[in-house]
Amino acid sequence: MATRPHTTEPVRPPSPLLALTELPRALAEFSSLGAAAPLLALAPRGDGHPVMVLPGFVTSDISTTILRRFLARLGYTALPWELGRNLGPKAIGWTGEKLFARLEAVHAATGQRVSLVGWSLGGVMARQLSRRAPDAVRQVISLGSPFAGTPRATNVWRAYEALTGQKIDAKDTREQLRESATAPPVPSTSIYTREDGVVAWQNCIEPRAAQTDNIEVHGSHCGLGVNPAVLYAIADRLAQPEGHWRPFERGGLRTLVYPSAGHA
């Protein structure tokens, strides 16, 4: 079971070697989509409800194109976040006003609760957004999102401070992280990889709660949005009837693709 190790040793960022292999591994995951197409075609179909996809740090909606197209083929109303590059909370209003307004607009236009899929920093934001508007959010799925632990357990924290203007040791940042580490008020699933070269996987583990789950996959951080195993897992999570959430099924041959899962 994938739990955070019970140790007094601080969680460290991934090794520099692992970080250097991120791009080639992500490209390999992208290249595997063709071979995986027959299996992805068997992914459960959607019910048409809206799914908004939030990009990772410094990326934009372009990075989530393949994921959104996949979800659209399954029948969902797959939506970009439409807020440009993800440069942290400051870029969308210090309390997330722009992201909140985007969610409320989708919720009002469709008359349905919105599922949120957030990649890395996008997943951290999605979890916080679900706390602010739980009646508008159906569920949260995060991909390699370091919503717990120290924010220094990543290889990009210095770039984050430089580009967002937000200090990770600031009081408001620490308070947000403490809240983020707790279970959201809606069903929430974290998909992560122990081979993550950007963030420490230990900080991506959902705490144990009635409607939380963790799904481990093999792959890179930068390839999570094009990883066939991730795409199938997202489809499985989104296909659950509203109000009837259940943990991810890992029996049989799935154990070869989804090695373990657990809680903090």
# chains A, B, ... in the order shown; residues from 1 in each chain; ligands from 1
>>> residues_around(residues="A:Leu74", least_positions_apart="6", cutoff="9 Å", atoms="only C-alpha atoms", output="ChimeraX atom specification")
/A:41,43-48,235
>>> residues_around(residues="A:Leu121", least_positions_apart="2", cutoff="8 Å", atoms="only C-alpha atoms", output="list in words")
Pro55, Gly56, Phe57, Asn86, Gly88, Gly118, Trp119, Gly123, Val124, Met125, Ser145 and Pro146 of chain A
>>> write_last_selection(atoms="all heavy atoms", output="CSV table (one decimal), in the first residue's frame")
chain,number,residue,atom,x,y,z
A,55,PRO,N,-4.5,23.1,-16.0
A,55,PRO,CA,-3.1,22.7,-16.4
A,55,PRO,C,-2.1,22.9,-15.2
A,55,PRO,O,-2.5,23.4,-14.2
A,55,PRO,CB,-2.8,23.7,-17.5
A,55,PRO,CG,-3.6,24.9,-17.1
A,55,PRO,CD,-4.9,24.4,-16.5
A,56,GLY,N,-0.9,22.4,-15.4
A,56,GLY,CA,0.1,22.4,-14.4
A,56,GLY,C,0.9,23.8,-14.4
A,56,GLY,O,0.6,24.7,-15.2
A,57,PHE,N,1.8,23.9,-13.5
A,57,PHE,CA,2.6,25.1,-13.3
A,57,PHE,C,3.3,25.5,-14.7
A,57,PHE,O,3.9,24.7,-15.3
A,57,PHE,CB,3.7,24.9,-12.3
A,57,PHE,CG,4.6,26.0,-12.0
A,57,PHE,CD1,4.1,27.3,-11.8
A,57,PHE,CD2,6.0,25.8,-12.0
A,57,PHE,CE1,5.0,28.3,-11.6
A,57,PHE,CE2,6.9,26.8,-11.8
A,57,PHE,CZ,6.4,28.1,-11.6
A,86,ASN,N,-0.7,28.8,-16.1
A,86,ASN,CA,-0.9,28.6,-14.7
A,86,ASN,C,0.3,29.2,-13.9
A,86,ASN,O,1.3,28.5,-13.8
A,86,ASN,CB,-1.2,27.2,-14.3
A,86,ASN,CG,-1.6,27.0,-12.9
A,86,ASN,OD1,-1.4,27.9,-12.1
A,86,ASN,ND2,-2.1,25.8,-12.6
A,88,GLY,N,0.1,30.3,-10.8
A,88,GLY,CA,-0.2,30.3,-9.3
A,88,GLY,C,-1.4,31.1,-9.0
A,88,GLY,O,-2.0,31.8,-9.8
A,118,GLY,N,-7.1,18.2,-12.3
A,118,GLY,CA,-6.0,19.1,-12.2
A,118,GLY,C,-4.7,18.4,-12.3
A,118,GLY,O,-4.4,17.5,-11.5
A,119,TRP,N,-3.8,18.9,-13.1
A,119,TRP,CA,-2.4,18.4,-13.3
A,119,TRP,C,-1.5,19.2,-12.4
A,119,TRP,O,-1.4,20.4,-12.6
A,119,TRP,CB,-2.1,18.5,-14.8
A,119,TRP,CG,-0.9,17.7,-15.2
A,119,TRP,CD1,0.1,17.2,-14.5
A,119,TRP,CD2,-0.6,17.5,-16.6
A,119,TRP,NE1,1.0,16.6,-15.3
A,119,TRP,CE2,0.6,16.7,-16.6
A,119,TRP,CE3,-1.2,17.8,-17.8
A,119,TRP,CZ2,1.3,16.3,-17.8
A,119,TRP,CZ3,-0.6,17.4,-19.0
A,119,TRP,CH2,0.6,16.6,-19.0
A,123,GLY,N,-4.0,20.6,-9.8
A,123,GLY,CA,-4.7,19.7,-8.9
A,123,GLY,C,-4.8,20.3,-7.5
A,123,GLY,O,-5.8,20.2,-6.8
A,124,VAL,N,-3.8,21.0,-7.1
A,124,VAL,CA,-3.8,21.7,-5.8
A,124,VAL,C,-4.9,22.8,-5.9
A,124,VAL,O,-5.7,22.9,-4.9
A,124,VAL,CB,-2.4,22.3,-5.5
A,124,VAL,CG1,-2.5,23.1,-4.2
A,124,VAL,CG2,-1.3,21.3,-5.5
A,125,MET,N,-5.0,23.5,-7.0
A,125,MET,CA,-6.0,24.5,-7.1
A,125,MET,C,-7.4,23.9,-7.1
A,125,MET,O,-8.4,24.5,-6.6
A,125,MET,CB,-5.8,25.3,-8.4
A,125,MET,CG,-4.5,26.2,-8.3
A,125,MET,SD,-4.3,27.0,-9.9
A,125,MET,CE,-3.1,28.3,-9.4
A,145,SER,N,-0.1,15.9,-8.0
A,145,SER,CA,-0.3,17.2,-7.3
A,145,SER,C,0.3,17.1,-5.9
A,145,SER,O,-0.2,16.4,-5.1
A,145,SER,CB,-1.7,17.6,-7.3
A,145,SER,OG,-2.3,17.7,-8.6
A,146,PRO,N,1.3,18.0,-5.6
A,146,PRO,CA,1.9,18.0,-4.2
A,146,PRO,C,1.1,18.8,-3.3
A,146,PRO,O,1.5,19.9,-2.9
A,146,PRO,CB,3.3,18.5,-4.5
A,146,PRO,CG,3.1,19.5,-5.6
A,146,PRO,CD,2.0,18.9,-6.5
>>> residues_around(residues="A:Leu54", least_positions_apart="3", cutoff="8 Å", atoms="only C-alpha atoms", output="list in words")
Asp61, Thr64, Pro80, Trp81, Leu116, Val117, Gly118, Trp119, Gly122, Gly123 and Ala126 of chain A
>>> atom_distance(atom1="atom CA of A:Leu83", atom2="atom CA of A:Lys98")
7.8 Å
>>> residues_around(residues="A:Ser180", least_positions_apart="3", cutoff="10 Å", atoms="only C-alpha atoms", output="short mmCIF file (atom, residue, chain, number, x, y, z; two decimals) with C-alpha atoms, in the first residue's frame")
data_model
loop_
_atom_site.label_atom_id
_atom_site.label_comp_id
_atom_site.auth_asym_id
_atom_site.auth_seq_id
_atom_site.Cartn_x
_atom_site.Cartn_y
_atom_site.Cartn_z
CA VAL A 124 -3.81 21.70 -5.82
CA MET A 125 -6.01 24.52 -7.10
CA ALA A 126 -8.84 22.11 -7.92
CA ARG A 127 -8.86 20.79 -4.36
CA GLN A 128 -9.04 24.32 -2.95
CA ARG A 131 -13.74 23.69 -0.73
CA PRO A 146 1.89 17.95 -4.23
CA PHE A 147 -0.94 19.08 -1.98
CA ALA A 148 0.68 17.86 1.26
CA GLY A 149 4.05 18.08 2.98
CA ARG A 174 1.51 27.78 4.76
CA GLU A 175 -2.14 28.10 5.77
CA GLN A 176 -3.30 27.12 2.29
CA LEU A 177 -1.03 24.07 2.30
CA ALA A 183 -9.57 15.65 2.41
CA PRO A 184 -11.78 17.78 0.11
#
>>> residues_around(residues="stretch 134-140 of chain A", least_positions_apart="4", cutoff="7 Å", atoms="only C-alpha atoms", output="number ranges by chain")
A: 107, 113-117, 126-127, 130, 185-189
>>> residues_around(residues="A:Phe70", least_positions_apart="6", cutoff="12 Å", atoms="only C-alpha atoms", output="list in words")
Leu33, Ala37, Leu40, Ala41, Ala43, Pro44, Arg45, Gly46, Val51, Val53, Thr64, Tyr76, Thr77, Ala78, Leu79, Gly225, Val226, Asn227, Pro228, Val230, Leu231, Tyr232, Ile234 and Ala235 of chain A
>>> write_last_selection(atoms="N, CA and C atoms", output="PDB file, in the first residue's frame")
ATOM      1  N   LEU A  33       0.567   5.980 -26.894  1.00  0.00           N
ATOM      2  CA  LEU A  33      -0.875   6.144 -27.033  1.00  0.00           C
ATOM      3  C   LEU A  33      -1.437   5.339 -28.201  1.00  0.00           C
ATOM      4  N   ALA A  37      -4.361   2.438 -27.890  1.00  0.00           N
ATOM      5  CA  ALA A  37      -5.663   2.881 -28.379  1.00  0.00           C
ATOM      6  C   ALA A  37      -6.758   1.816 -28.264  1.00  0.00           C
ATOM      7  N   LEU A  40      -7.815   1.744 -24.642  1.00  0.00           N
ATOM      8  CA  LEU A  40      -8.484   2.979 -24.245  1.00  0.00           C
ATOM      9  C   LEU A  40      -9.885   3.063 -24.844  1.00  0.00           C
ATOM     10  N   ALA A  41     -10.086   2.394 -25.980  1.00  0.00           N
ATOM     11  CA  ALA A  41     -11.417   2.375 -26.591  1.00  0.00           C
ATOM     12  C   ALA A  41     -12.425   1.633 -25.722  1.00  0.00           C
ATOM     13  N   ALA A  43     -12.515   1.998 -22.463  1.00  0.00           N
ATOM     14  CA  ALA A  43     -12.752   2.786 -21.249  1.00  0.00           C
ATOM     15  C   ALA A  43     -14.236   3.095 -21.116  1.00  0.00           C
ATOM     16  N   PRO A  44     -14.744   3.136 -19.886  1.00  0.00           N
ATOM     17  CA  PRO A  44     -16.179   3.400 -19.697  1.00  0.00           C
ATOM     18  C   PRO A  44     -16.588   4.753 -20.260  1.00  0.00           C
ATOM     19  N   ARG A  45     -17.762   4.791 -20.874  1.00  0.00           N
ATOM     20  CA  ARG A  45     -18.282   6.020 -21.458  1.00  0.00           C
ATOM     21  C   ARG A  45     -18.806   6.961 -20.387  1.00  0.00           C
ATOM     22  N   GLY A  46     -18.874   8.231 -20.742  1.00  0.00           N
ATOM     23  CA  GLY A  46     -19.330   9.227 -19.801  1.00  0.00           C
ATOM     24  C   GLY A  46     -20.817   9.512 -19.911  1.00  0.00           C
ATOM     25  N   VAL A  51     -16.575  18.497 -17.454  1.00  0.00           N
ATOM     26  CA  VAL A  51     -15.290  18.212 -16.812  1.00  0.00           C
ATOM     27  C   VAL A  51     -14.332  19.334 -17.190  1.00  0.00           C
ATOM     28  N   VAL A  53     -10.555  20.886 -17.001  1.00  0.00           N
ATOM     29  CA  VAL A  53      -9.191  20.410 -16.810  1.00  0.00           C
ATOM     30  C   VAL A  53      -8.282  21.598 -16.539  1.00  0.00           C
ATOM     31  N   THR A  64      -3.164  20.307 -22.025  1.00  0.00           N
ATOM     32  CA  THR A  64      -4.229  19.364 -21.671  1.00  0.00           C
ATOM     33  C   THR A  64      -5.090  18.987 -22.874  1.00  0.00           C
ATOM     34  N   TYR A  76     -18.016  13.286 -22.553  1.00  0.00           N
ATOM     35  CA  TYR A  76     -18.074  14.373 -21.580  1.00  0.00           C
ATOM     36  C   TYR A  76     -18.020  15.735 -22.263  1.00  0.00           C
ATOM     37  N   THR A  77     -18.499  16.742 -21.578  1.00  0.00           N
ATOM     38  CA  THR A  77     -18.286  18.113 -22.006  1.00  0.00           C
ATOM     39  C   THR A  77     -16.953  18.534 -21.413  1.00  0.00           C
ATOM     40  N   ALA A  78     -15.872  18.305 -22.158  1.00  0.00           N
ATOM     41  CA  ALA A  78     -14.510  18.537 -21.663  1.00  0.00           C
ATOM     42  C   ALA A  78     -14.108  19.977 -21.927  1.00  0.00           C
ATOM     43  N   LEU A  79     -13.773  20.694 -20.860  1.00  0.00           N
ATOM     44  CA  LEU A  79     -13.551  22.135 -20.952  1.00  0.00           C
ATOM     45  C   LEU A  79     -12.159  22.532 -20.489  1.00  0.00           C
ATOM     46  N   GLY A 225      -0.467  13.564 -18.281  1.00  0.00           N
ATOM     47  CA  GLY A 225      -1.637  13.907 -19.091  1.00  0.00           C
ATOM     48  C   GLY A 225      -1.756  13.151 -20.388  1.00  0.00           C
ATOM     49  N   VAL A 226      -0.716  12.348 -20.736  1.00  0.00           N
ATOM     50  CA  VAL A 226      -0.761  11.551 -21.967  1.00  0.00           C
ATOM     51  C   VAL A 226      -0.459  10.086 -21.690  1.00  0.00           C
ATOM     52  N   ASN A 227      -0.363   9.733 -20.427  1.00  0.00           N
ATOM     53  CA  ASN A 227      -0.062   8.360 -20.026  1.00  0.00           C
ATOM     54  C   ASN A 227      -1.334   7.513 -20.178  1.00  0.00           C
ATOM     55  N   PRO A 228      -1.315   6.441 -20.977  1.00  0.00           N
ATOM     56  CA  PRO A 228      -2.527   5.644 -21.192  1.00  0.00           C
ATOM     57  C   PRO A 228      -3.147   5.121 -19.903  1.00  0.00           C
ATOM     58  N   VAL A 230      -3.072   6.503 -16.988  1.00  0.00           N
ATOM     59  CA  VAL A 230      -3.710   7.641 -16.328  1.00  0.00           C
ATOM     60  C   VAL A 230      -5.045   7.958 -17.013  1.00  0.00           C
ATOM     61  N   LEU A 231      -5.043   7.978 -18.340  1.00  0.00           N
ATOM     62  CA  LEU A 231      -6.265   8.288 -19.072  1.00  0.00           C
ATOM     63  C   LEU A 231      -7.374   7.292 -18.733  1.00  0.00           C
ATOM     64  N   TYR A 232      -7.019   6.008 -18.666  1.00  0.00           N
ATOM     65  CA  TYR A 232      -8.030   4.997 -18.348  1.00  0.00           C
ATOM     66  C   TYR A 232      -8.551   5.193 -16.921  1.00  0.00           C
ATOM     67  N   ILE A 234      -8.676   7.942 -15.178  1.00  0.00           N
ATOM     68  CA  ILE A 234      -9.534   9.127 -15.143  1.00  0.00           C
ATOM     69  C   ILE A 234     -10.917   8.778 -15.677  1.00  0.00           C
ATOM     70  N   ALA A 235     -10.959   8.028 -16.793  1.00  0.00           N
ATOM     71  CA  ALA A 235     -12.239   7.626 -17.370  1.00  0.00           C
ATOM     72  C   ALA A 235     -13.048   6.799 -16.375  1.00  0.00           C
TER      73      ALA A 235
END
>>> select_by_dssp(residues="stretch 56-239 of chain A", states="strand (DSSP E or B)", output="PyMOL selection string")
chain A and resi 57+77-80+86+114-119+137-143+154+188-193+199+212-217
>>> closest_residue(among="A:Ile66, A:Val156, A:Val198, A:Met52", to="A:Leu17", atoms="only C-alpha atoms")
A:Val198
>>> residues_around(residues="A:Arg194", least_positions_apart="6", cutoff="8 Å", atoms="only C-alpha atoms", output="PDB file with N, CA and C atoms, in the first residue's frame")
ATOM      1  N   ALA A 200       7.936  15.316  -5.041  1.00  0.00           N
ATOM      2  CA  ALA A 200       8.035  14.108  -4.219  1.00  0.00           C
ATOM      3  C   ALA A 200       6.678  13.406  -4.188  1.00  0.00           C
ATOM      4  N   TRP A 201       6.642  12.156  -4.611  1.00  0.00           N
ATOM      5  CA  TRP A 201       5.370  11.447  -4.689  1.00  0.00           C
ATOM      6  C   TRP A 201       4.700  11.316  -3.323  1.00  0.00           C
ATOM      7  N   GLU A 216      -1.695   4.591  -8.066  1.00  0.00           N
ATOM      8  CA  GLU A 216      -0.306   4.689  -8.508  1.00  0.00           C
ATOM      9  C   GLU A 216      -0.167   4.166  -9.924  1.00  0.00           C
ATOM     10  N   VAL A 217       0.627   4.854 -10.733  1.00  0.00           N
ATOM     11  CA  VAL A 217       0.931   4.420 -12.092  1.00  0.00           C
ATOM     12  C   VAL A 217       2.437   4.468 -12.290  1.00  0.00           C
ATOM     13  N   HIS A 218       2.906   3.873 -13.353  1.00  0.00           N
ATOM     14  CA  HIS A 218       4.299   3.998 -13.757  1.00  0.00           C
ATOM     15  C   HIS A 218       4.400   5.124 -14.782  1.00  0.00           C
TER      16      HIS A 218
END
>>> closest_residue(among="A:Thr173, A:Ser220, A:Ser260, A:Ser120", to="A:Glu29", atoms="only C-alpha atoms")
A:Ser220
